[in-house]
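Trainee: Sharing a structure with you now.
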Amino acid sequence: MTPDLLRPHGSLADGRDPVHLTPQDAGWSHCGLRVLTFDPGRSRSVDTAGAEMVVLPLSGAVTVECEGERFELAGRESVFSRVTDFAYLPCDSTAVLTSPTGGEFALCTAATSRKLTPKYGPVDGIEIEIRGAGPATRQVTNFLSPTVWDHADKLMCVELLTPDGNWSSYPPHKHDASPECEVNNEEIYYFRIGKAGTTDYCADGFGMHRTYTGPGDPGEPFEIDTSVHDGDVFLIPRGYHGPCIAAPGYTMYYLNVLAGPGGERSMAFCDDPTHHWVRDEWEGMATDPRCPMTNANGVIGENGGRP
């Protein structure tokens, strides 16, 4: 039986909030995701309970108050407009979020019993990476990867931006309980699709995503090749995942949320050996000048990300 990994836009809605995904809803143990919608000036209380959390503006600005700390997140107009600051919140705490502008804010979570302290993530400390080459060029915004952010117990997050027509999450890779994998991580993909040459979201836009198991992988085999649209969520409990393909005319963003049972945060992965040779082809190949697509100051890719 093919697992129910694609959660289309609206299927995880909680009232006006477009996404409310707990580990239990996902059928696993570690990571979750909420996306909250705010009217201008509205405040909401959030209990982290047994999970550490990151507050990441998708659109709009927000003030975060938690355990005596107050963080003013400048945010952004959309995920295609710029890189944003963020806030880390510890488990077993209560935070009050107030948005003067209104907007949408992602709450990325990972189950933990180790309590740290609240911390602000400034935008000028975020690493932007250009990965791949040629038509597989994409931007990785490493705001909560283990290599750049050590103030977390289990939670790991990055953002991916892919120009229209390009491929990302390629070659296909995995990080599950297979013997060849260094770590076992659950992973969430939260997609936003935009119109190329703008910073706007596009309900009619789409891309493609592939997830599948290989020979000898644990569990029942499956293969899923599907279109993804603005606001869709895809769950990766195991198996190879990739590529993600942005259709011509539409830019692709996805937020990756990862966590697992390991004692050390790691985003290590192993490629599908069938396609690993593609990495060698990138040597000496030019990267797409549309990347990086954004930074802390706004859209910077050549021609604003348009071919």
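Just so we're on the same page: first chain in the structure tokens is A, next is B, and so on; residues restart at 1 for each chain, and ligands are numbered from 1 in the order they show up.
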Considering only helix (DSSP H, G or I) as DSSP defines it on the backbone, what residues of region 51-210 of chain A qualify? List them as number ranges by chain.
Mentor: A: 123-125, 134-136
Trainee: Find the spatial neighbours of region 167-182 of chain A, counting only C-alpha atoms, within a cut-off of 7 Å - ignore same-chain residues fewer than 3 positions away - and output them as a count of residues only.
Mentor: 24
Trainee: Quick one: residues within 7 Å of Glu186 (chain A), only C-alpha atoms, excluding same-chain residues fewer than 6 positions away - as a list in words?
Mentor: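 Skipping anything fewer than 6 positions along the chain leaves Cys31, Ile236, Pro237, Leu258, Ala259 and Gly260 of chain A.
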Trainee: Taking only C-alpha atoms into account, name the residue in A:Val257, A:Ser43, A:Asp25, A:Val55 that is nearest to Ser11 (chain A).
Mentor: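 Nearest candidate to Ser11 (chain A) out of A:Val257, A:Ser43, A:Asp25, A:Val55: A:Asp25.
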Trainee: Would you list the contacts of Ala51 (chain A) as an MDAnalysis selection string, taking every protein, DNA or RNA residue within 7 Å and counting only C-alpha atoms, but skipping same-chain residues closer than 4 positions in sequence?
Mentor: chainID A and resid 91 109:112
Trainee: So that I have them on file, write out the residues from the current selection with N, CA and C atoms, as a PDB file, in the first residue's frame.
Mentor:
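The resulting file, out20.pdb, is reproduced below:
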```pdb
ATOM      1  N   CYS A  91      11.334  23.910  25.078  1.00  0.00           N
ATOM      2  CA  CYS A  91      10.207  23.074  25.460  1.00  0.00           C
ATOM      3  C   CYS A  91       9.642  23.540  26.806  1.00  0.00           C
ATOM      4  N   THR A 109       8.684  22.289  14.996  1.00  0.00           N
ATOM      5  CA  THR A 109       8.861  21.677  16.309  1.00  0.00           C
ATOM      6  C   THR A 109       9.585  20.342  16.226  1.00  0.00           C
ATOM      7  N   ALA A 110      10.238  20.010  17.344  1.00  0.00           N
ATOM      8  CA  ALA A 110      10.856  18.696  17.516  1.00  0.00           C
ATOM      9  C   ALA A 110      10.697  18.280  18.968  1.00  0.00           C
ATOM     10  N   ALA A 111      10.262  17.050  19.179  1.00  0.00           N
ATOM     11  CA  ALA A 111      10.065  16.546  20.530  1.00  0.00           C
ATOM     12  C   ALA A 111      11.399  16.480  21.272  1.00  0.00           C
ATOM     13  N   THR A 112      11.400  16.953  22.523  1.00  0.00           N
ATOM     14  CA  THR A 112      12.610  16.915  23.344  1.00  0.00           C
ATOM     15  C   THR A 112      12.228  17.072  24.808  1.00  0.00           C
TER      16      THR A 112
END
```
Trainee: Applying 8 Å and only C-alpha atoms, which residues near Gly10 (chain A) remain after dropping the ones on its own chain fewer than 5 positions away? List them as a list in words.
Mentor: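 Everything that qualifies: Pro18, Val19 and Gly231 of chain A.
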Trainee: For those residues, write C-alpha atoms to a file as a short mmCIF file (atom, residue, chain, number, x, y, z; two decimals), in the first residue's frame.
Mentor:
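Result file follows (again.cif):
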```cif
data_model
loop_
_atom_site.label_atom_id
_atom_site.label_comp_id
_atom_site.auth_asym_id
_atom_site.auth_seq_id
_atom_site.Cartn_x
_atom_site.Cartn_y
_atom_site.Cartn_z
CA PRO A 18 -3.47 26.53 7.09
CA VAL A 19 -1.30 23.84 8.74
CA GLY A 231 0.58 25.25 0.63
#
```
Trainee: How many Å lie between CA of Ala61 (chain A) and CA of Asp200 (chain A), rounded to one decimal?
Mentor: 17.1 Å
Trainee: Could you tell me how far CA of Thr141 (chain A) sits from CA of Asn297 (chain A), in Å to one decimal place?
Mentor: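 So the two atoms, CA of Asn297 (chain A) and CA of Thr141 (chain A), lie 13.8 Å apart.
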Trainee: Expressed in Å to a single decimal, how great is the separation between CA of Ile224 (chain A) and CA of Tyr189 (chain A)?
Mentor: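 Taking CA of Ile224 (chain A) as the start and CA of Tyr189 (chain A) as the end point, the length is 14.4 Å.
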Trainee: Return the single residue from A:Gly205, A:Gly134, A:Pro122, A:Gly284 that is closest to Ala296 (chain A), with distances computed using only C-alpha atoms.
Mentor: A:Pro122
Trainee: Which polymer residues have any atom within 12 Å of an atom of Ser113 (chain A), counting only C-alpha atoms, with same-chain residues fewer than 5 positions away left out, as a PyMOL selection string?
Mentor: chain A and resi 30+48-52+90-93+152-154
Trainee: Using only C-alpha atoms for the distances, tell me which of A:Gly132, A:Pro248, A:Gly216, A:Pro146 is nearest to Asp164 (chain A).
Mentor: A:Pro248
Trainee: Find the residues near region 69-85 of chain A: any atom within 10 Å, counting only C-alpha atoms, skip ones fewer than 6 places away on the same chain, and give them as a PDB file with C-alpha atoms, in the first residue's frame.
Mentor:
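out11.pdb, written as the output of this step:
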```pdb
ATOM      1  CA  VAL A  55       9.064  30.835  15.040  1.00  0.00           C
ATOM      2  CA  LEU A  56       9.776  31.644  11.372  1.00  0.00           C
ATOM      3  CA  PRO A  57       7.926  34.499   9.622  1.00  0.00           C
ATOM      4  CA  LEU A  58       6.580  33.476   6.218  1.00  0.00           C
ATOM      5  CA  SER A  59       4.927  36.866   5.724  1.00  0.00           C
ATOM      6  CA  GLY A  60       4.669  39.795   8.109  1.00  0.00           C
ATOM      7  CA  ALA A  61       6.425  40.882  11.300  1.00  0.00           C
ATOM      8  CA  VAL A  62       5.891  39.440  14.775  1.00  0.00           C
ATOM      9  CA  THR A  63       6.900  40.108  18.374  1.00  0.00           C
ATOM     10  CA  ALA A  95       5.090  32.290  24.335  1.00  0.00           C
ATOM     11  CA  VAL A  96       2.909  35.224  23.308  1.00  0.00           C
ATOM     12  CA  LEU A  97       3.085  36.168  19.631  1.00  0.00           C
ATOM     13  CA  THR A  98       1.814  39.559  18.474  1.00  0.00           C
ATOM     14  CA  SER A  99       1.835  40.623  14.841  1.00  0.00           C
ATOM     15  CA  THR A 101       1.208  43.708  10.413  1.00  0.00           C
ATOM     16  CA  GLY A 103       0.686  37.532   8.264  1.00  0.00           C
ATOM     17  CA  GLU A 104       1.626  33.863   8.442  1.00  0.00           C
ATOM     18  CA  PHE A 105       4.201  32.352  10.750  1.00  0.00           C
ATOM     19  CA  THR A 117      16.721  29.152  26.715  1.00  0.00           C
ATOM     20  CA  PRO A 118      14.865  31.405  24.258  1.00  0.00           C
ATOM     21  CA  LYS A 119      17.156  32.890  21.630  1.00  0.00           C
ATOM     22  CA  TYR A 120      16.911  35.362  18.753  1.00  0.00           C
ATOM     23  CA  GLY A 121      18.205  34.409  15.309  1.00  0.00           C
ATOM     24  CA  PRO A 122      19.439  37.560  13.520  1.00  0.00           C
ATOM     25  CA  VAL A 123      19.136  37.651   9.765  1.00  0.00           C
ATOM     26  CA  ASP A 124      22.757  38.736   9.263  1.00  0.00           C
ATOM     27  CA  GLY A 125      23.967  35.489  10.850  1.00  0.00           C
ATOM     28  CA  ILE A 126      22.158  33.215   8.391  1.00  0.00           C
ATOM     29  CA  GLU A 127      24.244  31.257   5.883  1.00  0.00           C
ATOM     30  CA  ILE A 128      23.080  31.235   2.256  1.00  0.00           C
ATOM     31  CA  THR A 141      19.072  29.077   3.464  1.00  0.00           C
ATOM     32  CA  PHE A 143      19.068  29.205   9.293  1.00  0.00           C
ATOM     33  CA  GLU A 159      14.708  26.757   3.438  1.00  0.00           C
ATOM     34  CA  LEU A 160      15.069  25.870  -0.257  1.00  0.00           C
ATOM     35  CA  LEU A 161      14.456  28.266  -3.144  1.00  0.00           C
ATOM     36  CA  ARG A 192       5.046  27.529  -1.412  1.00  0.00           C
ATOM     37  CA  ILE A 193       4.801  28.180  -5.136  1.00  0.00           C
ATOM     38  CA  GLY A 194       5.357  31.612  -6.648  1.00  0.00           C
ATOM     39  CA  LYS A 195       5.153  33.321 -10.008  1.00  0.00           C
ATOM     40  CA  ALA A 196       8.566  33.764 -11.619  1.00  0.00           C
ATOM     41  CA  GLY A 197       9.811  37.332 -11.725  1.00  0.00           C
ATOM     42  CA  THR A 198       7.681  38.364  -8.736  1.00  0.00           C
ATOM     43  CA  THR A 199       7.620  37.748  -4.994  1.00  0.00           C
ATOM     44  CA  ASP A 200       3.943  36.732  -5.095  1.00  0.00           C
ATOM     45  CA  TYR A 201       2.425  33.365  -4.256  1.00  0.00           C
ATOM     46  CA  THR A 251       9.322  29.410  -8.546  1.00  0.00           C
ATOM     47  CA  MET A 252       9.404  26.838  -5.747  1.00  0.00           C
ATOM     48  CA  TYR A 253      10.052  27.271  -2.027  1.00  0.00           C
ATOM     49  CA  TYR A 254      10.014  24.584   0.602  1.00  0.00           C
ATOM     50  CA  LEU A 255      10.679  24.641   4.296  1.00  0.00           C
ATOM     51  CA  MET A 293      17.462  34.295  -5.273  1.00  0.00           C
ATOM     52  CA  THR A 294      17.270  36.208  -1.970  1.00  0.00           C
ATOM     53  CA  ASN A 295      19.335  37.493   0.917  1.00  0.00           C
ATOM     54  CA  ALA A 296      18.735  39.662   3.983  1.00  0.00           C
ATOM     55  CA  ASN A 297      18.219  42.734   1.771  1.00  0.00           C
ATOM     56  CA  GLY A 298      15.767  41.286  -0.713  1.00  0.00           C
ATOM     57  CA  VAL A 299      15.592  39.716  -4.167  1.00  0.00           C
ATOM     58  CA  ILE A 300      19.060  39.576  -5.705  1.00  0.00           C
ATOM     59  CA  GLY A 304      14.881  39.048 -10.142  1.00  0.00           C
ATOM     60  CA  GLY A 305      14.914  35.279 -10.514  1.00  0.00           C
TER      61      GLY A 305
END
```
Trainee: Looking only at strand (DSSP E) from DSSP on the backbone, list the matching residues of region 199-262 of chain A as a PyMOL selection string.
Mentor: chain A and resi 206-212+223-229+233-236+240-246+250-259
